[in-house]
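**Q** To be precise about what I am sending: the file is called input_27.csv and holds CSV, C-alpha atoms.
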```csv
chain,number,residue,atom,x,y,z
A,1,MET,CA,10.9,-12.3,52.1
A,2,LYS,CA,13.0,-14.0,49.5
A,3,GLU,CA,10.3,-16.4,48.7
A,4,ALA,CA,7.7,-13.7,48.3
A,5,LEU,CA,10.1,-11.8,45.9
A,6,LEU,CA,10.7,-14.9,43.9
A,7,GLU,CA,6.9,-15.5,43.8
A,8,TYR,CA,6.4,-11.9,42.5
A,9,ALA,CA,9.2,-12.4,39.9
A,10,ASN,CA,7.4,-15.5,38.7
A,11,THR,CA,4.0,-13.8,38.5
A,12,PHE,CA,5.6,-10.8,36.7
A,13,ALA,CA,7.3,-13.2,34.2
A,14,TYR,CA,4.0,-14.8,33.4
A,15,THR,CA,2.4,-11.4,33.0
A,16,ILE,CA,5.0,-10.2,30.6
A,17,THR,CA,4.8,-13.5,28.6
A,18,GLY,CA,1.0,-13.2,28.5
A,19,LEU,CA,1.2,-9.6,27.2
A,20,ILE,CA,3.7,-10.5,24.6
A,21,PHE,CA,1.6,-13.5,23.6
A,22,GLY,CA,-1.4,-11.2,23.2
A,23,LEU,CA,0.6,-8.7,21.1
A,24,ALA,CA,2.1,-11.4,18.9
A,25,PHE,CA,-1.2,-13.1,18.4
A,26,PHE,CA,-2.8,-9.7,17.4
A,27,LEU,CA,0.0,-8.8,15.0
A,28,LEU,CA,0.1,-12.3,13.4
A,29,PHE,CA,-3.6,-12.4,12.7
A,30,ILE,CA,-4.0,-8.8,11.6
A,31,ASN,CA,-1.2,-9.7,9.1
A,32,PHE,CA,-3.3,-12.5,7.7
A,33,TYR,CA,-6.3,-10.3,7.6
A,34,HIS,CA,-4.4,-7.5,5.9
A,35,MET,CA,-2.9,-9.9,3.4
A,36,GLN,CA,-6.3,-11.3,2.6
A,37,GLU,CA,-7.8,-7.8,2.2
A,38,LEU,CA,-5.0,-6.7,-0.2
A,39,SER,CA,-5.5,-9.8,-2.4
A,40,GLU,CA,-9.3,-9.2,-2.8
A,41,THR,CA,-10.6,-8.6,-6.3
A,42,TYR,CA,-13.8,-6.9,-7.5
A,43,ASP,CA,-15.9,-7.7,-10.6
A,44,ILE,CA,-16.2,-4.5,-12.6
A,45,SER,CA,-17.1,-6.0,-16.0
A,46,THR,CA,-20.5,-4.3,-16.3
A,47,TYR,CA,-19.2,-1.1,-14.9
A,48,ASN,CA,-16.3,-1.1,-17.4
A,49,ASP,CA,-18.6,-1.9,-20.3
A,50,THR,CA,-20.8,1.1,-19.5
A,51,ASN,CA,-17.8,3.4,-19.1
A,52,LYS,CA,-16.1,2.1,-22.3
A,53,ALA,CA,-19.2,2.9,-24.3
A,54,SER,CA,-19.3,6.4,-22.7
A,55,VAL,CA,-15.6,7.0,-23.5
A,56,GLU,CA,-16.1,5.9,-27.1
A,57,GLU,CA,-19.1,8.1,-27.6
A,58,LYS,CA,-17.3,11.1,-26.2
A,59,VAL,CA,-14.2,10.4,-28.3
A,60,ASN,CA,-16.4,10.2,-31.4
A,61,ILE,CA,-18.0,13.6,-30.6
A,62,ILE,CA,-14.6,15.2,-30.2
A,63,LYS,CA,-13.4,13.6,-33.4
A,64,ASN,CA,-16.5,14.8,-35.3
A,65,ASN,CA,-16.1,18.3,-33.8
A,66,ILE,CA,-12.5,18.8,-34.8
A,67,ASN,CA,-13.0,17.3,-38.2
A,68,VAL,CA,-15.3,20.2,-39.3
A,69,TYR,CA,-12.1,22.2,-39.8
A,70,ASP,CA,-9.7,21.4,-42.6
A,71,GLN,CA,-7.1,24.1,-43.4
A,72,SER,CA,-7.1,23.3,-47.2
A,73,THR,CA,-10.9,23.9,-47.5
A,74,TYR,CA,-11.4,26.5,-44.8
A,75,LYS,CA,-12.7,29.8,-46.2
A,76,GLY,CA,-13.5,31.6,-43.0
A,77,SER,CA,-11.9,34.7,-41.6
A,78,LEU,CA,-10.5,33.3,-38.4
A,79,ASN,CA,-6.8,33.0,-37.6
A,80,ILE,CA,-5.8,29.6,-39.2
A,81,TYR,CA,-2.8,29.3,-36.9
A,82,GLY,CA,-5.1,29.4,-33.9
A,83,LEU,CA,-7.5,26.9,-35.4
A,84,ASN,CA,-4.6,24.5,-36.4
A,85,THR,CA,-3.2,24.7,-32.9
A,86,ILE,CA,-6.5,23.7,-31.3
A,87,LYS,CA,-7.0,20.8,-33.7
A,88,LEU,CA,-3.5,19.5,-33.2
A,89,LYS,CA,-3.6,19.7,-29.4
A,90,LEU,CA,-7.0,18.0,-29.3
A,91,GLU,CA,-5.7,15.2,-31.6
A,92,ASP,CA,-2.8,14.7,-29.3
A,93,CYS,CA,-5.2,14.3,-26.5
A,94,LEU,CA,-7.3,11.8,-28.4
A,95,GLU,CA,-4.2,9.8,-29.2
A,96,ILE,CA,-3.4,9.6,-25.4
A,97,ILE,CA,-7.0,8.6,-24.6
A,98,GLU,CA,-7.1,5.9,-27.3
A,99,SER,CA,-3.6,4.6,-26.4
A,100,GLU,CA,-3.2,1.0,-25.3
A,101,ASP,CA,-1.9,2.2,-21.9
A,102,MET,CA,-5.3,3.8,-21.1
A,103,MET,CA,-7.7,1.5,-22.9
A,104,LYS,CA,-6.3,-1.6,-21.3
A,105,TYR,CA,-8.2,-0.8,-18.1
A,106,PHE,CA,-11.5,-1.1,-19.9
A,107,GLU,CA,-10.7,-4.6,-20.9
A,108,LEU,CA,-10.4,-5.7,-17.2
A,109,ASP,CA,-13.2,-7.8,-15.8
A,110,GLU,CA,-11.7,-7.9,-12.3
A,111,ILE,CA,-9.6,-5.4,-10.4
A,112,GLY,CA,-7.2,-5.7,-7.5
A,113,ILE,CA,-5.5,-3.1,-5.4
A,114,ASN,CA,-2.6,-2.9,-7.9
A,115,ASP,CA,-4.9,-2.3,-10.9
A,116,SER,CA,-6.7,0.4,-9.0
A,117,TYR,CA,-3.5,2.1,-8.1
A,118,ASN,CA,-2.0,1.8,-11.6
A,119,PHE,CA,-5.2,3.2,-13.1
A,120,THR,CA,-5.0,6.2,-10.8
A,121,VAL,CA,-1.3,6.8,-11.6
A,122,ASP,CA,-1.7,6.4,-15.4
A,123,PHE,CA,-4.8,8.7,-15.3
A,124,LYS,CA,-2.8,11.3,-13.4
A,125,ASN,CA,0.3,11.0,-15.7
A,126,LYS,CA,-1.3,10.6,-19.1
A,127,ILE,CA,-4.7,12.3,-19.0
A,128,LEU,CA,-4.2,15.0,-16.4
A,129,ASN,CA,-0.6,15.8,-17.1
A,130,ASP,CA,0.1,14.9,-20.7
A,131,CYS,CA,-3.3,15.8,-22.1
A,132,LEU,CA,-5.0,18.4,-19.9
A,133,VAL,CA,-2.0,20.4,-18.7
A,134,MET,CA,0.5,19.9,-21.6
A,135,GLN,CA,-2.1,20.3,-24.3
A,136,VAL,CA,-5.3,22.0,-23.1
A,137,LYS,CA,-3.9,24.4,-20.6
A,138,SER,CA,-1.1,25.4,-22.9
A,139,LEU,CA,-3.7,25.9,-25.6
A,140,PHE,CA,-5.3,28.7,-23.7
A,141,ASN,CA,-2.0,30.4,-23.2
A,142,THR,CA,-1.4,30.7,-27.0
A,143,ASP,CA,-1.6,34.2,-28.5
A,144,THR,CA,-3.2,33.0,-31.8
A,145,VAL,CA,-5.9,31.1,-29.9
A,146,ALA,CA,-6.6,34.2,-27.8
A,147,LEU,CA,-7.7,36.0,-31.0
A,148,LEU,CA,-10.6,33.5,-31.6
A,149,PRO,CA,-14.2,34.3,-30.7
A,150,ASN,CA,-15.6,33.6,-27.2
A,151,PHE,CA,-12.1,32.9,-25.9
A,152,ASN,CA,-12.8,35.0,-22.8
A,153,ILE,CA,-15.8,32.8,-22.0
A,154,ILE,CA,-14.3,29.4,-22.5
A,155,LYS,CA,-10.9,30.1,-20.9
A,156,PRO,CA,-12.1,30.7,-17.3
A,157,TYR,CA,-14.5,27.7,-17.6
A,158,VAL,CA,-11.6,25.4,-18.7
A,159,GLU,CA,-9.2,26.8,-16.1
A,160,LEU,CA,-11.7,26.3,-13.3
A,161,ASN,CA,-12.5,22.7,-14.3
A,162,LEU,CA,-8.8,22.0,-14.7
A,163,GLU,CA,-8.0,23.1,-11.2
A,164,THR,CA,-10.8,20.8,-9.8
A,165,LEU,CA,-9.6,17.8,-11.9
A,166,LEU,CA,-6.0,18.2,-11.0
A,167,ASP,CA,-6.7,17.9,-7.3
A,168,SER,CA,-9.5,15.4,-7.7
A,169,ILE,CA,-7.5,12.1,-7.2
A,170,ASN,CA,-4.6,13.1,-5.1
A,171,TYR,CA,-6.3,11.7,-2.0
A,172,VAL,CA,-7.2,8.5,-3.9
A,173,GLN,CA,-3.5,7.9,-4.7
A,174,SER,CA,-2.3,8.6,-1.2
A,175,ASN,CA,-5.1,6.4,0.3
A,176,VAL,CA,-4.0,3.5,-1.8
A,177,GLU,CA,-0.4,4.0,-1.0
A,178,ASN,CA,-1.3,4.0,2.7
A,179,SER,CA,-2.8,0.6,2.3
A,180,ASP,CA,0.7,-0.9,2.9
A,181,HIS,CA,0.3,0.0,6.5
A,182,TYR,CA,-2.0,-1.7,8.9
A,183,TYR,CA,-5.7,-0.9,9.6
A,184,PHE,CA,-6.4,-0.9,5.9
A,185,SER,CA,-10.2,-1.2,6.4
A,186,THR,CA,-12.7,-3.3,8.1
A,187,ASP,CA,-16.0,-4.8,6.9
A,188,THR,CA,-17.8,-1.9,8.6
A,189,ASN,CA,-15.7,0.6,6.7
A,190,LYS,CA,-16.2,-1.2,3.5
A,191,THR,CA,-20.0,-1.2,3.9
A,192,ASN,CA,-20.4,2.3,5.1
A,193,PHE,CA,-17.4,4.4,4.1
A,194,PHE,CA,-14.8,3.7,1.5
A,195,ASN,CA,-13.8,0.5,-0.1
A,196,LEU,CA,-10.2,1.1,-1.1
A,197,ILE,CA,-10.1,-1.0,-4.2
A,198,GLU,CA,-13.5,-0.5,-5.7
A,199,ASP,CA,-14.1,3.1,-4.6
A,200,SER,CA,-10.7,4.3,-5.7
A,201,TYR,CA,-11.2,2.8,-9.1
A,202,THR,CA,-14.7,4.4,-9.5
A,203,ASP,CA,-13.4,7.8,-8.2
A,204,THR,CA,-10.7,7.8,-10.7
A,205,MET,CA,-13.1,6.7,-13.4
A,206,ASN,CA,-15.4,9.6,-12.5
A,207,SER,CA,-12.5,12.1,-12.9
A,208,TYR,CA,-11.6,10.4,-16.2
A,209,GLN,CA,-15.2,10.9,-17.5
A,210,ASN,CA,-15.1,14.5,-16.3
A,211,SER,CA,-11.9,15.1,-18.1
A,212,LEU,CA,-13.5,13.8,-21.3
A,213,ASN,CA,-16.5,16.1,-20.7
A,214,LEU,CA,-14.2,19.0,-20.5
A,215,LEU,CA,-12.6,18.0,-23.8
A,216,VAL,CA,-16.0,17.7,-25.4
A,217,GLU,CA,-16.9,21.2,-24.2
A,218,VAL,CA,-13.6,22.6,-25.7
A,219,SER,CA,-14.3,20.7,-29.0
A,220,ASN,CA,-17.9,22.0,-29.1
A,221,TRP,CA,-16.6,25.6,-28.7
A,222,TYR,CA,-14.1,24.8,-31.5
A,223,LYS,CA,-16.8,23.5,-33.8
A,224,GLY,CA,-19.0,26.5,-33.1
A,225,ILE,CA,-16.3,29.0,-34.0
A,226,VAL,CA,-15.2,27.1,-37.1
A,227,LEU,CA,-18.8,26.9,-38.4
A,228,GLY,CA,-19.6,30.4,-37.3
A,229,GLY,CA,-16.5,32.1,-38.6
B,1,MET,CA,1.1,-34.8,25.5
B,2,LYS,CA,2.4,-31.7,27.3
B,3,LYS,CA,5.9,-33.0,26.9
B,4,ILE,CA,5.5,-33.7,23.2
B,5,PHE,CA,4.2,-30.1,22.6
B,6,ASN,CA,6.9,-28.6,24.8
B,7,GLY,CA,9.5,-30.5,22.9
B,8,LEU,CA,8.1,-29.4,19.6
B,9,PHE,CA,8.0,-25.7,20.6
B,10,TYR,CA,11.4,-26.0,22.2
B,11,VAL,CA,13.0,-27.1,18.9
B,12,LEU,CA,10.9,-24.8,16.8
B,13,LYS,CA,11.9,-21.7,18.7
B,14,TYR,CA,15.5,-22.2,17.8
B,15,ILE,CA,14.7,-22.7,14.1
B,16,LEU,CA,12.4,-19.7,14.1
B,17,LEU,CA,15.0,-17.6,15.8
B,18,ILE,CA,17.5,-18.3,13.1
B,19,ALA,CA,14.9,-17.7,10.4
B,20,ALA,CA,13.7,-14.4,11.9
B,21,PHE,CA,17.2,-13.2,12.4
B,22,ALA,CA,18.3,-14.1,8.9
B,23,LEU,CA,15.3,-12.4,7.3
B,24,THR,CA,15.6,-9.3,9.4
B,25,LEU,CA,19.3,-9.1,8.6
B,26,PHE,CA,18.6,-9.4,4.9
B,27,ILE,CA,15.9,-6.6,4.9
B,28,LEU,CA,17.9,-4.2,7.1
B,29,ILE,CA,21.1,-4.7,5.1
B,30,ARG,CA,19.2,-4.1,1.9
B,31,MET,CA,17.6,-1.0,3.4
B,32,ASN,CA,21.1,0.3,4.4
B,33,VAL,CA,22.6,-0.4,1.0
B,34,ARG,CA,19.8,1.6,-0.6
B,35,LEU,CA,20.4,4.5,1.8
B,36,GLU,CA,24.1,4.1,1.3
B,37,LYS,CA,24.6,4.0,5.0
B,38,ASP,CA,27.3,2.2,7.0
B,39,ILE,CA,26.3,-1.5,7.8
B,40,MET,CA,27.4,-0.9,11.4
B,41,SER,CA,24.5,1.4,11.9
B,42,VAL,CA,22.0,-1.5,11.8
B,43,LEU,CA,23.8,-3.5,14.5
B,44,PRO,CA,21.7,-2.0,17.4
B,45,GLU,CA,18.6,-3.5,15.7
B,46,PHE,CA,20.0,-7.0,16.3
B,47,ILE,CA,20.8,-6.6,20.0
B,48,PRO,CA,17.4,-8.0,21.1
B,49,PHE,CA,18.0,-11.1,18.9
B,50,ALA,CA,21.5,-11.5,20.3
B,51,VAL,CA,20.2,-11.1,23.9
B,52,LEU,CA,17.5,-13.7,23.4
B,53,LEU,CA,20.0,-16.1,21.7
B,54,ILE,CA,22.4,-15.8,24.6
B,55,LEU,CA,19.6,-16.5,27.1
B,56,PHE,CA,18.4,-19.6,25.1
B,57,ILE,CA,22.0,-20.9,25.1
B,58,ILE,CA,22.2,-20.3,28.9
B,59,ASN,CA,18.9,-22.1,29.3
B,60,MET,CA,20.2,-25.0,27.3
B,61,PHE,CA,23.6,-25.4,28.8
B,62,PHE,CA,22.5,-24.9,32.4
B,63,ARG,CA,19.4,-27.2,31.8
B,64,GLN,CA,17.1,-24.6,33.3
B,65,SER,CA,13.9,-26.7,33.4
B,66,PHE,CA,11.7,-23.8,34.6
B,67,VAL,CA,12.3,-22.1,31.3
B,68,ASN,CA,12.9,-25.1,29.0
B,69,GLY,CA,9.9,-26.9,30.4
B,70,ASN,CA,7.6,-23.9,30.4
B,71,VAL,CA,5.1,-24.7,27.6
B,72,PHE,CA,3.5,-21.2,27.7
B,73,TYR,CA,6.8,-19.5,27.4
B,74,ASN,CA,8.0,-21.7,24.5
B,75,LEU,CA,4.7,-21.3,22.7
B,76,THR,CA,4.9,-17.5,23.1
B,77,CYS,CA,8.5,-17.6,21.7
B,78,CYS,CA,7.3,-19.5,18.7
B,79,LEU,CA,4.4,-17.1,18.1
B,80,VAL,CA,6.6,-14.0,18.3
B,81,LEU,CA,9.2,-15.4,16.0
B,82,SER,CA,6.6,-16.7,13.6
B,83,THR,CA,5.1,-13.2,13.5
B,84,ILE,CA,8.6,-11.7,12.7
B,85,VAL,CA,9.1,-14.3,9.9
B,86,CYS,CA,5.6,-13.7,8.5
B,87,VAL,CA,6.1,-9.9,8.4
B,88,SER,CA,9.5,-10.3,6.9
B,89,LEU,CA,8.3,-12.6,4.2
B,90,ARG,CA,5.3,-10.4,3.4
B,91,SER,CA,7.6,-7.3,3.0
B,92,ILE,CA,9.6,-9.3,0.5
B,93,MET,CA,7.0,-11.4,-1.3
B,94,ASP,CA,3.6,-9.7,-1.0
B,95,THR,CA,3.2,-8.1,-4.5
B,96,ASN,CA,-0.2,-6.7,-3.6
B,97,MET,CA,1.5,-4.0,-1.6
B,98,VAL,CA,1.6,-1.1,-4.0
B,99,LEU,CA,4.7,0.6,-2.6
B,100,ASN,CA,6.7,-2.6,-3.1
B,101,ALA,CA,6.0,-2.4,-6.8
B,102,LYS,CA,6.2,1.4,-7.0
B,103,TYR,CA,9.7,1.7,-5.7
B,104,GLY,CA,10.9,-1.6,-7.1
B,105,TYR,CA,13.5,-2.4,-4.4
B,106,GLY,CA,12.2,-5.9,-3.9
B,107,VAL,CA,11.5,-5.2,-0.2
B,108,ASP,CA,8.7,-3.1,1.1
B,109,PHE,CA,10.6,-1.0,3.7
B,110,ASN,CA,7.6,1.1,4.5
B,111,PHE,CA,5.7,-2.0,5.7
B,112,PHE,CA,8.7,-3.4,7.6
B,113,ASP,CA,9.5,-0.1,9.2
B,114,ASN,CA,6.1,-0.2,11.0
B,115,PHE,CA,7.2,-3.4,12.6
B,116,ILE,CA,10.7,-2.7,14.0
B,117,ALA,CA,9.4,-1.2,17.2
B,118,TYR,CA,7.1,-4.2,17.8
B,119,ILE,CA,9.9,-6.6,17.1
B,120,LYS,CA,12.0,-4.9,19.8
B,121,ILE,CA,9.2,-4.8,22.3
B,122,MET,CA,8.4,-8.5,21.8
B,123,LEU,CA,12.0,-9.7,21.9
B,124,TYR,CA,13.0,-7.7,24.9
B,125,GLY,CA,9.8,-8.8,26.6
B,126,LEU,CA,10.7,-12.4,26.0
B,127,SER,CA,14.3,-11.8,27.3
B,128,ILE,CA,13.0,-10.2,30.5
B,129,ALA,CA,10.5,-13.0,31.1
B,130,ASN,CA,13.2,-15.5,30.5
B,131,VAL,CA,15.5,-13.9,33.1
B,132,LEU,CA,12.6,-13.8,35.6
B,133,PHE,CA,11.7,-17.4,35.0
B,134,MET,CA,15.3,-18.4,35.9
B,135,PHE,CA,14.7,-17.3,39.4
B,136,LYS,CA,11.7,-19.4,40.0
B,137,LYS,CA,11.9,-21.1,43.3
B,138,GLU,CA,12.1,-24.8,43.4
B,139,GLU,CA,8.8,-26.4,44.4
B,140,LYS,CA,9.1,-28.5,47.5
B,141,PRO,CA,7.9,-32.1,47.3
B,142,LYS,CA,4.5,-32.4,49.0
B,143,LYS,CA,4.6,-33.9,52.4
B,144,LEU,CA,2.6,-37.0,52.9
B,145,LYS,CA,0.0,-36.6,55.6
B,146,ASN,CA,0.3,-38.8,58.6
B,147,ALA,CA,-2.2,-41.4,58.8
```
As C-alpha cells, what does this structure read like?
**A**
Amino acid sequence: MKEALLEYANTFAYTITGLIFGLAFFLLFINFYHMQELSETYDISTYNDTNKASVEEKVNIIKNNINVYDQSTYKGSLNIYGLNTIKLKLEDCLEIIESEDMMKYFELDEIGINDSYNFTVDFKNKILNDCLVMQVKSLFNTDTVALLPNFNIIKPYVELNLETLLDSINYVQSNVENSDHYYFSTDTNKTNFFNLIEDSYTDTMNSYQNSLNLLVEVSNWYKGIVLGG
Amino acid sequence: MKKIFNGLFYVLKYILLIAAFALTLFILIRMNVRLEKDIMSVLPEFIPFAVLLILFIINMFFRQSFVNGNVFYNLTCCLVLSTIVCVSLRSIMDTNMVLNAKYGYGVDFNFFDNFIAYIKIMLYGLSIANVLFMFKKEEKPKKLKNA
C-alpha cells in the first residue's frame, strides 16, 4: 500500500513538473515572439511621400482661400469681425499642421510601434483637439460668424464631420496600448485582419487627411462668402 | 553527459532563483512606491520564492539525490526561473512597449502584472513537485538471476 502511494506521488510529481515545463516553455517563447513582433519596422517611404504631397497641396489651397480676404482692402458688406475670426482661426490651424511636431512624421522612412503610437497621440492632441475642437468648433459658436451667409448650411456639415473625426482613432490608440499584453497578433492576423503597426499608422493618416479635407471645405466656404459679399 | 548537464542545471537554478527574486523585488517595490503603498503589502508575493528557496536548501543539506539528481526537475526549474528573469528584464528594458514610454516609470507594470499569477503558479508547482520527489521510494538493487 505504502509502495503504491509512493509510486503515485512520484508519478504525480512528474506530471506537475511536466505541466510546469510546458507552461514555462510556452511563456518563454511567446515572450521572444512578442518581443520580435514589437521591434518590427515597416517601410513607409512611398506612402509618406504621397501623403506629404497631398498635405502640402491642401495646405496651399487653404492658404490661398484665406488670403483672398484682407481687412485693409476689403470693401464688402459682411461683418469684418466674423471674417477676421475665421481667418485667424484657420491660420492657427495651419500653424499647427505645418509645425515640426506634425511634419516630422512625413520625414520617416520606417515606422515602429512607438512611431505609430506617437503619431496617433500627436494627431489626437494637436490636430483634433488644438485645431478642430479649439479653433474650428469654437469658430461656429461665435456670434459674429453666425451672421455670415450660408452659415446654417456649413455648420451642420462641419459638426457632423467633427463628431466622426473625434471618434475615428480612439480604437487605434487603445489597440496599440493593448500591444503591451500578450497575443499581440499572429501572421494570420497580420495577413487577414489588422497589422497593428502599419494599419494603425494608415488609419491615423486617413483621419489626418479627412481633417484637412474638412478644413479645405471650411476655407472654400470662406473664400466663397468673401468674394460673393 | 547526464551528470554534466545535471550539475550545470543544479548550479544554474540557484543563480537564476537569486536573479528572479531580485528583479521581482525591484519591480514590485517600485510599483508600491508609485502607489504609495506600504512595502509590507508586497511580502505575500514573495512567499513562493521563499518556499522554493527553503526546499532547495533542504535538498542541498539533506543530500536528497532524488531531487538533486533529477535532470528533468532541474531543467524545469531553470526554464521557469529564466522565464521570470526574461519577463522582468523586458518590463524594465523593452522600450518598444508603448505604455512603458507613456507613463515613464521606467518599469512596465501593465506587462509585469499579467505575469504575477503565472509566476505563482509555476513556483508553487515546482515546490509541490519538489516535496513529492522527496518521498520517492528507494530503488532496490536488481537481483542477479541464478545461473
**Q** B:Gly125, B:Pro44, B:Gly7, B:Gly106: which is nearest chain A, counting all atoms listed in the file?
**A**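 Under the stated criterion, the closest residue is B:Gly125.
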**Q** B:Phe72, B:Phe49, B:Tyr105, B:Phe26: which is nearest chain A, counting all atoms listed in the file?
**A** B:Phe72
**Q** At a cut-off of 12 Å, using all atoms listed in the file, what residues contact A:Met134? Leave out same-chain residues fewer than 6 positions from it and give the result as a PyMOL selection string.
**A** chain A and resi 89-90+92-93+96+125-128+140-141+162
**Q** Which residues of chain B come within 7 Å of chain A, and what is each one's closest atom pair and distance in Å (one decimal), counting all atoms listed in the file, sorted by chain and residue number, as JSON lines?
**A**
```
{"residue": "B:Tyr73", "atom": "CA", "partner": "A:Thr17", "partner_atom": "CA", "distance": 6.4}
{"residue": "B:Thr76", "atom": "CA", "partner": "A:Phe21", "partner_atom": "CA", "distance": 5.2}
{"residue": "B:Leu79", "atom": "CA", "partner": "A:Ala24", "partner_atom": "CA", "distance": 6.2}
{"residue": "B:Val80", "atom": "CA", "partner": "A:Ala24", "partner_atom": "CA", "distance": 5.2}
{"residue": "B:Thr83", "atom": "CA", "partner": "A:Leu28", "partner_atom": "CA", "distance": 5.1}
{"residue": "B:Asn96", "atom": "CA", "partner": "A:Leu38", "partner_atom": "CA", "distance": 5.9}
{"residue": "B:Met97", "atom": "CA", "partner": "A:Asp180", "partner_atom": "CA", "distance": 5.5}
{"residue": "B:Val98", "atom": "CA", "partner": "A:Asn114", "partner_atom": "CA", "distance": 6.0}
{"residue": "B:Leu99", "atom": "CA", "partner": "A:Glu177", "partner_atom": "CA", "distance": 6.3}
{"residue": "B:Phe111", "atom": "CA", "partner": "A:His181", "partner_atom": "CA", "distance": 5.8}
{"residue": "B:Met122", "atom": "CA", "partner": "A:Ile20", "partner_atom": "CA", "distance": 5.8}
{"residue": "B:Gly125", "atom": "CA", "partner": "A:Ile16", "partner_atom": "CA", "distance": 6.4}
{"residue": "B:Leu126", "atom": "CA", "partner": "A:Thr17", "partner_atom": "CA", "distance": 6.5}
{"residue": "B:Ala129", "atom": "CA", "partner": "A:Ala13", "partner_atom": "CA", "distance": 4.5}
{"residue": "B:Leu132", "atom": "CA", "partner": "A:Ala13", "partner_atom": "CA", "distance": 5.5}
{"residue": "B:Phe133", "atom": "CA", "partner": "A:Asn10", "partner_atom": "CA", "distance": 6.0}
{"residue": "B:Phe135", "atom": "CA", "partner": "A:Leu6", "partner_atom": "CA", "distance": 6.5}
{"residue": "B:Lys136", "atom": "CA", "partner": "A:Asn10", "partner_atom": "CA", "distance": 5.9}
{"residue": "B:Lys137", "atom": "CA", "partner": "A:Leu6", "partner_atom": "CA", "distance": 6.3}
```
**Q** Looking at A:Gln71, A:Pro149, A:Asp122, A:Cys131, which one is nearest to A:Ile225, with distances taken over only C-alpha atoms?
**A**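 For A:Ile225, the nearest of the given residues is A:Pro149.
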**Q** Mind giving me the straight-line distance from atom CA of B:Val42 to atom CA of B:Leu28 in Å, one decimal?
**A** 6.8 Å
**Q** Please provide as a list in words all residues within 8 Å of A:Phe123, with the sequence filter that same-chain residues fewer than 6 positions apart are discarded (counting only C-alpha atoms).
**A**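 Surrounding residues, per the criterion: Met102, Thr204 and Tyr208 of chain A.
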**Q** Output the selection as a PDB file, in the frame of the given file - C-alpha atoms for each residue.
**A**
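Result written to result-v8.pdb:
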```pdb
ATOM      1  CA  MET A 102      -5.300   3.800 -21.100  1.00  0.00           C
ATOM      2  CA  THR A 204     -10.700   7.800 -10.700  1.00  0.00           C
ATOM      3  CA  TYR A 208     -11.600  10.400 -16.200  1.00  0.00           C
TER       4      TYR A 208
END
```
**Q** Would you pick out the contacts of A:Asn150 at 10 Å or less, using only C-alpha atoms, so that residues sharing its chain but fewer than 2 positions from it are not included, and give the list as a list of chain:residue names?
**A**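 That gives A:Ala146, A:Leu147, A:Leu148, A:Asn152, A:Ile153, A:Ile154, A:Lys155, A:Trp221, A:Tyr222, A:Gly224, A:Ile225.
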**Q** Excluding B:Ser91 and its own-chain neighbours fewer than 4 positions away, which residues fall within 9 Å of it when counting all atoms listed in the file? Please give them as a PyMOL selection string.
**A** chain B and resi 27+86-87+95+97+100+106-112
**Q** Mind listing whatever residues come within 10 Å of the point (16.9, -17.7, 24.9)? Use all atoms listed in the file, file coordinates, and give them as a list in words.
**A**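 Here is the list of nearby residues: Lys13, Tyr14, Leu17, Phe49, Ala50, Val51, Leu52, Leu53, Ile54, Leu55, Phe56, Ile57, Ile58, Asn59, Met60, Val67, Asn68, Asn74, Cys77, Leu123, Leu126, Ser127, Asn130 and Val131 of chain B.
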**Q** Selected residues, C-alpha atoms, written as a short mmCIF file (atom, residue, chain, number, x, y, z; two decimals), in the coordinates of the input, please.
**A**
```
data_model
loop_
_atom_site.label_atom_id
_atom_site.label_comp_id
_atom_site.auth_asym_id
_atom_site.auth_seq_id
_atom_site.Cartn_x
_atom_site.Cartn_y
_atom_site.Cartn_z
CA LYS B 13 11.90 -21.70 18.70
CA TYR B 14 15.50 -22.20 17.80
CA LEU B 17 15.00 -17.60 15.80
CA PHE B 49 18.00 -11.10 18.90
CA ALA B 50 21.50 -11.50 20.30
CA VAL B 51 20.20 -11.10 23.90
CA LEU B 52 17.50 -13.70 23.40
CA LEU B 53 20.00 -16.10 21.70
CA ILE B 54 22.40 -15.80 24.60
CA LEU B 55 19.60 -16.50 27.10
CA PHE B 56 18.40 -19.60 25.10
CA ILE B 57 22.00 -20.90 25.10
CA ILE B 58 22.20 -20.30 28.90
CA ASN B 59 18.90 -22.10 29.30
CA MET B 60 20.20 -25.00 27.30
CA VAL B 67 12.30 -22.10 31.30
CA ASN B 68 12.90 -25.10 29.00
CA ASN B 74 8.00 -21.70 24.50
CA CYS B 77 8.50 -17.60 21.70
CA LEU B 123 12.00 -9.70 21.90
CA LEU B 126 10.70 -12.40 26.00
CA SER B 127 14.30 -11.80 27.30
CA ASN B 130 13.20 -15.50 30.50
CA VAL B 131 15.50 -13.90 33.10
#
```
**Q** For atom CA of A:Glu110 and atom CA of A:Asn206, quote the distance in Å rounded to one decimal.
**A** 17.9 Å
**Q** Just the residues within 12 Å of A:Thr164, please, counting only C-alpha atoms, with nothing from its chain fewer than 2 positions along; format it as a VMD selection string.
**A** chain A and resid 128 132 157 to 162 166 to 170 207 210 to 211 214
**Q** In Å, with one decimal, what is the gap from atom CA of A:Asn65 to atom CA of A:Asn220?
**A** 6.2 Å
**Q** Taking only C-alpha atoms into account, which of A:Leu108, A:Asp101, A:Ile62, A:Ser200 comes nearest A:Glu217?
**A**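 Looking only at the distances to A:Glu217, the closest residue turns out to be A:Ile62.
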